[in-house]
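So this block is input-v7.txt, compact mmCIF, C-alpha atoms:
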# COMPACT_ATOMS: atom_id res chain seq x y z
CA MET A 1 -42.62 -3.52 -95.80
CA THR A 2 -42.91 -6.87 -97.49
CA LYS A 3 -40.68 -8.04 -100.33
CA ILE A 4 -43.66 -7.90 -102.68
CA ALA A 5 -44.44 -4.30 -101.70
CA ASN A 6 -40.80 -3.33 -102.17
CA SER A 7 -40.77 -4.94 -105.61
CA ILE A 8 -43.86 -2.97 -106.65
CA ILE A 9 -42.40 0.30 -105.38
CA ILE A 10 -39.01 -0.28 -107.00
CA GLY A 11 -40.68 -1.31 -110.26
CA SER A 12 -42.64 1.94 -110.38
CA ILE A 13 -39.46 3.88 -109.64
CA LEU A 14 -37.64 2.18 -112.51
CA LEU A 15 -40.45 3.28 -114.83
CA GLY A 16 -39.97 6.81 -113.51
CA LEU A 17 -36.28 6.66 -114.33
CA CYS A 18 -37.12 6.23 -117.98
CA SER A 19 -38.56 9.74 -118.02
CA CYS A 20 -36.23 11.41 -115.54
CA ALA A 21 -34.35 14.47 -116.66
CA SER A 22 -31.99 17.12 -115.46
CA ILE A 23 -33.83 20.00 -113.82
CA ASN A 24 -32.39 22.16 -116.58
CA SER A 25 -33.56 19.88 -119.38
CA SER A 26 -36.62 22.00 -120.11
CA THR A 27 -34.43 24.94 -121.19
CA PRO A 28 -34.36 25.01 -125.00
CA LYS A 29 -30.99 25.28 -126.74
CA THR A 30 -30.59 28.49 -128.70
CA SER A 31 -28.67 28.74 -131.94
CA ASN A 32 -25.62 30.32 -130.29
CA GLN A 33 -25.18 27.57 -127.71
CA VAL A 34 -22.12 25.41 -128.22
CA VAL A 35 -22.31 21.88 -126.86
CA SER A 36 -19.09 19.96 -126.51
CA PRO A 37 -19.37 16.49 -128.06
CA THR A 38 -17.61 15.00 -125.05
CA SER A 39 -19.30 17.07 -122.33
CA SER A 40 -22.02 14.51 -121.61
CA THR A 41 -19.50 11.72 -121.09
CA ASN A 42 -17.59 13.81 -118.55
CA GLN A 43 -20.63 14.69 -116.46
CA LYS A 44 -21.14 13.10 -113.08
CA ILE A 45 -24.77 12.07 -112.64
CA ILE A 46 -26.51 12.22 -109.26
CA LYS A 47 -29.95 10.63 -109.07
CA ILE A 48 -32.43 11.84 -106.46
CA GLY A 49 -35.84 10.53 -105.41
CA GLY A 50 -38.13 11.68 -102.66
CA SER A 51 -41.57 12.31 -101.30
CA SER A 52 -43.48 15.18 -102.89
CA SER A 53 -42.90 17.23 -99.74
CA THR A 54 -39.10 17.02 -100.10
CA VAL A 55 -38.59 17.37 -103.84
CA THR A 56 -39.25 21.14 -103.92
CA VAL A 57 -36.36 22.01 -101.62
CA LEU A 58 -33.98 19.50 -103.22
CA LYS A 59 -34.67 20.93 -106.68
CA LEU A 60 -33.84 24.43 -105.40
CA LEU A 61 -30.53 23.22 -104.02
CA ALA A 62 -29.77 21.14 -107.11
CA LYS A 63 -30.35 24.10 -109.42
CA ALA A 64 -27.94 26.29 -107.45
CA TYR A 65 -25.32 23.53 -107.29
CA GLN A 66 -25.48 22.74 -111.00
CA ALA A 67 -25.04 26.42 -111.83
CA GLN A 68 -21.65 26.27 -110.09
CA ASN A 69 -20.66 22.76 -111.17
CA LYS A 70 -21.19 22.28 -114.90
CA ASN A 71 -19.69 18.80 -114.79
CA VAL A 72 -22.55 17.56 -112.58
CA LYS A 73 -26.00 16.55 -113.81
CA ILE A 74 -28.69 16.04 -111.17
CA GLU A 75 -31.68 13.94 -112.17
CA PHE A 76 -34.97 13.51 -110.31
CA ILE A 77 -37.08 10.41 -110.65
CA SER A 78 -40.86 10.52 -110.28
CA ASP A 79 -42.14 11.69 -106.90
CA ASN A 80 -42.80 8.86 -104.48
CA GLN A 81 -43.41 8.44 -100.78
CA SER A 82 -40.41 8.55 -98.45
CA GLU A 83 -40.53 4.77 -98.02
CA GLY A 84 -40.27 4.21 -101.77
CA ALA A 85 -37.35 6.62 -102.13
CA ILE A 86 -35.45 4.93 -99.29
CA ALA A 87 -36.09 1.52 -100.87
CA ALA A 88 -34.71 2.85 -104.17
CA LEU A 89 -31.61 4.15 -102.40
CA LYS A 90 -30.93 0.79 -100.76
CA ASN A 91 -31.24 -0.89 -104.16
CA ASP A 92 -28.73 1.51 -105.78
CA ILE A 93 -31.36 3.06 -108.05
CA ILE A 94 -30.77 6.56 -106.67
CA ASP A 95 -27.99 8.29 -104.75
CA ILE A 96 -30.03 10.50 -102.41
CA ALA A 97 -33.52 10.04 -100.99
CA GLY A 98 -35.61 12.92 -99.70
CA SER A 99 -37.59 11.86 -96.65
CA SER A 100 -40.13 13.44 -94.32
CA HIS A 101 -39.20 11.02 -91.53
CA LYS A 102 -36.11 9.56 -89.92
CA ILE A 103 -35.00 6.10 -90.99
CA LYS A 104 -37.29 3.52 -89.42
CA LYS A 105 -35.84 0.41 -87.86
CA ALA A 106 -37.37 -1.75 -90.59
CA GLU A 107 -35.77 0.48 -93.26
CA ASP A 108 -32.27 0.55 -91.82
CA ASN A 109 -29.89 -1.93 -93.42
CA GLY A 110 -26.88 -0.44 -91.62
CA GLN A 111 -25.53 1.11 -94.81
CA ILE A 112 -27.58 4.32 -95.00
CA GLN A 113 -27.76 7.49 -92.92
CA TYR A 114 -30.28 10.27 -92.32
CA ARG A 115 -29.88 13.94 -91.52
CA GLU A 116 -32.61 16.53 -91.09
CA LEU A 117 -32.24 19.52 -93.36
CA ALA A 118 -35.10 21.90 -92.63
CA LYS A 119 -38.56 22.49 -91.26
CA ASP A 120 -41.38 23.21 -93.69
CA LEU A 121 -44.42 24.96 -92.25
CA LEU A 122 -47.84 23.72 -93.29
CA LEU A 123 -50.58 26.24 -93.82
CA ILE A 124 -54.31 26.08 -94.31
CA ALA A 125 -55.28 28.03 -97.41
CA THR A 126 -58.31 28.68 -99.57
CA ASN A 127 -58.96 29.50 -103.18
CA ASN A 128 -58.88 33.27 -103.63
CA SER A 129 -62.63 33.25 -104.31
CA VAL A 130 -63.21 32.87 -100.57
CA LYS A 131 -63.87 36.29 -99.04
CA GLY A 132 -64.51 37.35 -95.46
CA VAL A 133 -62.71 34.40 -93.83
CA THR A 134 -59.17 35.05 -92.57
CA ASN A 135 -58.99 32.96 -89.40
CA LEU A 136 -60.24 29.58 -88.23
CA SER A 137 -60.38 28.33 -84.68
CA ASN A 138 -59.41 24.80 -83.78
CA LYS A 139 -63.09 23.94 -83.39
CA GLN A 140 -64.04 25.42 -86.75
CA LEU A 141 -61.25 23.68 -88.67
CA LYS A 142 -62.14 20.34 -87.14
CA ALA A 143 -65.82 20.87 -87.99
CA ILE A 144 -64.93 21.61 -91.63
CA TYR A 145 -62.91 18.42 -92.02
CA GLN A 146 -65.62 16.41 -90.27
CA GLY A 147 -68.31 17.82 -92.53
CA ARG A 148 -70.24 19.57 -89.74
CA ILE A 149 -69.52 23.02 -91.22
CA THR A 150 -70.20 22.88 -94.95
CA ASN A 151 -70.84 26.48 -96.04
CA TRP A 152 -68.54 29.50 -95.90
CA GLN A 153 -71.49 31.60 -94.75
CA GLU A 154 -71.32 29.81 -91.38
CA LEU A 155 -67.84 31.34 -90.93
CA GLY A 156 -68.61 34.88 -92.09
CA GLY A 157 -68.06 34.28 -95.79
CA SER A 158 -70.39 34.11 -98.77
CA ASN A 159 -73.12 31.56 -99.32
CA ALA A 160 -71.07 28.82 -100.97
CA ASN A 161 -70.34 25.18 -100.18
CA ILE A 162 -66.88 24.42 -98.76
CA ILE A 163 -64.87 21.99 -100.87
CA VAL A 164 -62.34 20.15 -98.71
CA LEU A 165 -59.17 19.02 -100.49
CA ASP A 166 -57.41 16.39 -98.44
CA ARG A 167 -54.41 14.04 -98.46
CA PRO A 168 -54.22 10.28 -97.72
CA GLU A 169 -53.93 9.32 -94.06
CA ASP A 170 -50.35 8.06 -94.42
CA GLU A 171 -49.05 11.39 -95.79
CA SER A 172 -47.07 13.74 -93.55
CA ALA A 173 -49.44 16.67 -94.09
CA LYS A 174 -52.48 14.72 -92.92
CA LYS A 175 -50.60 13.30 -89.95
CA LEU A 176 -49.66 16.82 -88.82
CA LEU A 177 -53.21 18.07 -89.29
CA ARG A 178 -54.43 15.29 -87.04
CA LYS A 179 -51.71 15.87 -84.46
CA TYR A 180 -52.32 19.59 -84.01
CA TYR A 181 -55.94 20.22 -85.04
CA LEU A 182 -58.13 17.34 -86.14
CA GLY A 183 -57.49 14.55 -83.66
CA GLU A 184 -58.67 11.08 -84.65
CA ASP A 185 -62.21 11.93 -85.77
CA LYS A 186 -63.17 10.76 -89.24
CA THR A 187 -62.86 13.14 -92.20
CA THR A 188 -65.98 13.86 -94.23
CA THR A 189 -66.59 11.39 -97.05
CA LYS A 190 -67.16 14.38 -99.35
CA ALA A 191 -63.50 15.43 -99.11
CA VAL A 192 -61.53 15.20 -102.35
CA ILE A 193 -58.44 13.04 -101.70
CA LEU A 194 -55.34 13.99 -103.70
CA ASN A 195 -52.29 11.73 -103.59
CA LYS A 196 -49.62 14.35 -104.26
CA GLU A 197 -49.21 17.78 -102.73
CA GLY A 198 -48.66 19.33 -106.16
CA GLU A 199 -52.06 17.99 -107.25
CA LEU A 200 -53.72 19.52 -104.19
CA ILE A 201 -52.09 22.91 -104.78
CA GLU A 202 -53.08 22.96 -108.45
CA THR A 203 -56.65 21.87 -107.65
CA LEU A 204 -57.02 24.48 -104.92
CA GLN A 205 -56.00 27.28 -107.28
CA ILE A 206 -58.58 26.37 -109.92
CA THR A 207 -61.45 25.27 -107.63
CA PRO A 208 -63.61 28.07 -106.20
CA ASN A 209 -64.48 27.80 -102.48
CA SER A 210 -61.90 25.06 -101.83
CA LEU A 211 -59.67 24.63 -98.78
CA GLY A 212 -56.57 22.53 -98.16
CA ALA A 213 -53.28 22.18 -96.28
CA PHE A 214 -49.85 22.35 -97.90
CA SER A 215 -46.33 23.77 -97.75
CA LEU A 216 -45.82 27.43 -96.84
CA ALA A 217 -42.48 27.40 -98.68
CA THR A 218 -44.14 26.24 -101.90
CA SER A 219 -46.58 29.11 -101.56
CA VAL A 220 -43.70 31.56 -101.09
CA ILE A 221 -41.52 30.19 -103.90
CA ASN A 222 -44.32 30.21 -106.46
CA LYS A 223 -46.07 33.37 -105.19
CA LEU A 224 -49.36 31.47 -105.23
CA PRO A 225 -52.52 33.58 -105.50
CA ILE A 226 -54.28 31.99 -102.53
CA ASN A 227 -55.63 33.05 -99.14
CA ARG A 228 -53.45 31.93 -96.22
CA LEU A 229 -55.54 31.49 -93.11
CA ASN A 230 -54.56 32.19 -89.52
CA LEU A 231 -55.27 29.36 -87.10
CA ASN A 232 -56.49 30.35 -83.65
CA GLY A 233 -55.39 33.88 -84.49
CA VAL A 234 -51.82 32.87 -85.34
CA ALA A 235 -50.38 33.37 -88.83
CA PRO A 236 -48.25 30.62 -90.44
CA THR A 237 -44.93 32.48 -90.43
CA VAL A 238 -41.32 31.58 -89.70
CA GLU A 239 -41.30 34.10 -86.84
CA ASN A 240 -44.33 32.50 -85.19
CA PHE A 241 -42.80 29.05 -85.56
CA THR A 242 -39.49 30.03 -83.99
CA SER A 243 -41.36 31.63 -81.08
CA ASP A 244 -43.45 28.47 -80.60
CA LYS A 245 -46.72 30.20 -81.47
CA TYR A 246 -47.28 28.15 -84.65
CA GLN A 247 -46.33 24.48 -84.47
CA MET A 248 -47.55 22.72 -87.61
CA ALA A 249 -44.34 21.97 -89.50
CA ARG A 250 -42.89 18.83 -91.03
CA GLN A 251 -39.27 17.83 -91.20
CA ILE A 252 -37.38 17.69 -94.47
CA GLY A 253 -34.37 15.39 -94.47
CA ILE A 254 -32.19 13.35 -96.77
CA VAL A 255 -30.95 9.78 -96.68
CA TRP A 256 -27.78 8.62 -98.41
CA ASP A 257 -25.24 5.83 -98.42
CA LYS A 258 -22.62 5.82 -95.67
CA LYS A 259 -20.02 5.46 -98.43
CA PRO A 260 -21.24 7.83 -101.14
CA SER A 261 -19.47 8.59 -104.39
CA ALA A 262 -17.28 11.70 -104.41
CA SER A 263 -19.79 13.63 -106.54
CA THR A 264 -22.67 12.73 -104.22
CA GLU A 265 -20.67 13.67 -101.14
CA ASN A 266 -19.73 17.04 -102.64
CA PHE A 267 -23.39 17.83 -103.31
CA ILE A 268 -24.38 16.80 -99.78
CA ASN A 269 -21.67 19.07 -98.37
CA PHE A 270 -23.19 21.91 -100.41
CA ILE A 271 -26.68 21.10 -99.12
CA PHE A 272 -25.55 21.56 -95.52
CA SER A 273 -23.25 24.52 -96.22
CA LYS A 274 -23.90 28.15 -95.32
CA GLU A 275 -24.87 28.80 -98.92
CA GLY A 276 -27.37 25.97 -98.80
CA GLU A 277 -28.77 27.36 -95.56
CA ASN A 278 -29.28 30.78 -97.17
CA ILE A 279 -31.12 29.21 -100.10
CA LEU A 280 -33.50 27.56 -97.63
CA LYS A 281 -34.09 30.77 -95.69
CA ASN A 282 -34.74 32.81 -98.83
CA ASN A 283 -37.42 30.39 -99.96
CA GLY A 284 -39.53 30.04 -96.82
CA PHE A 285 -37.88 26.97 -95.25
CA ILE A 286 -36.36 26.96 -91.78
CA PRO A 287 -32.88 25.40 -91.77
CA THR A 288 -32.50 22.89 -88.96
CA SER A 289 -29.07 24.37 -88.21
CA SER A 290 -30.70 27.69 -87.32
CA ILE A 291 -33.01 26.22 -84.66
CA GLN A 292 -30.71 23.76 -82.93

Translate this file's structure into structure tokens.
Amino acid sequence: MTKIANSIIIGSILLGLCSCASINSSTPKTSNQVVSPTSSTNQKIIKIGGSSSTVTVLKLLAKAYQAQNKNVKIEFISDNQSEGAIAALKNDIIDIAGSSHKIKKAEDNGQIQYRELAKDLLLIATNNSVKGVTNLSNKQLKAIYQGRITNWQELGGSNANIIVLDRPEDESAKKLLRKYYLGEDKTTTKAVILNKEGELIETLQITPNSLGAFSLATSVINKLPINRLNLNGVAPTVENFTSDKYQMARQIGIVWDKKPSASTENFINFIFSKEGENILKNNGFIPTSSIQ
């Protein structure tokens, strides 16, 4: 990554910091709440940035940790790609970076470290308006993304055009789709490209006849009213992943300084603790510690 690119990324992150807030900041204060005038000055602040695929799990862990440690305030900056979060970490803008890949040689300044936290299954899902389609073969999925199958009727559904919601080529979800199902063939030019996973999920829920790929855990956590599709007759479940029947999963990891502050180190210890592992399991993630 060039110096100019880094400067642009870091500049956008700094703008995000202006609007960052504790994950509890949206909770309104009621009249019977007592706020100590010195409490804010005693709080230890931990700043976190990450790709959209990693922020969901880190917010879950942060919420649980803050509930037990009132003297800690965890702030999230605007979602970015893994590369941008790692650049922010190296420039002391944040304390922890969520990343969907290990540290690349070009990113490693010798002062940061990476550890994988969990696996996050990716599923193919449709808007709940799609009826009569519960499974797609490899060939069918590829044909949809290539624009050779364009109507749900061709797959046993109703007579309605398929709307493909897609991610940019450099995003982890698209890379996994290509690795396991799509290969290198071009995606249809009619696909709607959405930069963030949250945007894709929101669009899929409000767009009839749409289809897209995103996190199983996010679907579980938010109880999304969508249709999860089987691929080649295999459902996207933790059990099928652990038995090697379903393989499409991305890695969720964190990057932090080799000499972190005491407050950051305590939170990281919590992340990789048994309690942290249980939080992951209960929300659809697969802790790396459970599959090693």

Handout entry: Selected residue of minimal separation from Leu121 in chain A among A:Gln251, A:Ser158, A:Thr134, A:Gln153, counting only C-alpha atoms
Key = A:Gln251

Fill in the blank from the handout: Students should find that CA of Arg115 in chain A and CA of Ile103 in chain A are spaced 9.4 Å

Practice task
Just give me the gap between CA of Glu83 in chain A and CA of Ser99 in chain A in Å, one decimal is fine.
Solution key: 7.8 Å

Exercise for the section: Considering only C-alpha atoms, return as number ranges by chain whatever protein or nucleic-acid residues lie within 9 Å of Thr237 in chain A, sequence-local ones (same chain, fewer than 5 positions apart) excluded. Expected result: A: 121, 216, 242, 246, 284

Handout entry: Counting all atoms listed in the file, the option among A:Glu265, A:Glu277, A:Asp257, A:Glu171 closest to Gly110 in chain A
Key =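 That would be A:Asp257, the residue with the smallest distance to Gly110 in chain A.
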
Problem - Between CA of Ala125 in chain A and CA of Asn278 in chain A, distance in Å (one decimal) - result: 26.1 Å

Practice task
Go through A:Asn195, A:Ser263, A:Asn283, A:Gln140 one by one, measure the shortest atom-to-atom distance of each to Ile46 in chain A using only C-alpha atoms, and give the residue with the smallest value.
Solution key: A:Ser263

Exercise for the section: Select, from A:Gln113, A:Thr188, A:Gln68, A:Ser129, the residue with the minimum atom-to-atom distance to Thr150 in chain A, counting all atoms listed in the file. Expected result: A:Thr188

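Nearest-residue note for Ala235 in chain A: choosing from A:Asn135, A:Asn42, A:Ser100, A:Asn269, the minimum distance belongs to A:Asn135, counting all atoms listed in the file.
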
Per residue of range 215-257 of chain A within 12 Å of range 174-178 of chain A, note the shortest atom pair and the distance in Å to one decimal, counting only C-alpha atoms, and order the rows by chain and increasing residue number, as a tab-separated table.
residue	atom	partner	partner_atom	distance
A:Ser215	CA	A:Leu176	CA	11.8
A:Leu231	CA	A:Leu177	CA	11.7
A:Gln247	CA	A:Leu176	CA	9.4
A:Met248	CA	A:Leu176	CA	6.4
A:Ala249	CA	A:Leu176	CA	7.4
A:Arg250	CA	A:Leu176	CA	7.4
A:Gln251	CA	A:Leu176	CA	10.7

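Proximity ranking of A:Ile74, A:Ile254, A:Ala262, A:Ile144 relative to Ile96 in chain A places A:Ile254 first, based on only C-alpha atoms.
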
Exercise for the section: Please provide as a list of chain:residue names all residues within 10 Å of Ser290 in chain A, with the sequence filter that same-chain residues fewer than 2 positions apart are discarded (counting all atoms listed in the file). Expected result: A:Ala118, A:Thr242, A:Glu277, A:Lys281, A:Ile286, A:Pro287, A:Thr288, A:Gln292

Handout entry: Long-range neighbours of Asn109 in chain A as a VMD selection string, 12 Å cut-off, only C-alpha atoms, 5 positions minimum in chain
Key = chain A and resid 86 to 87 89 to 91 103 to 104 256 to 258
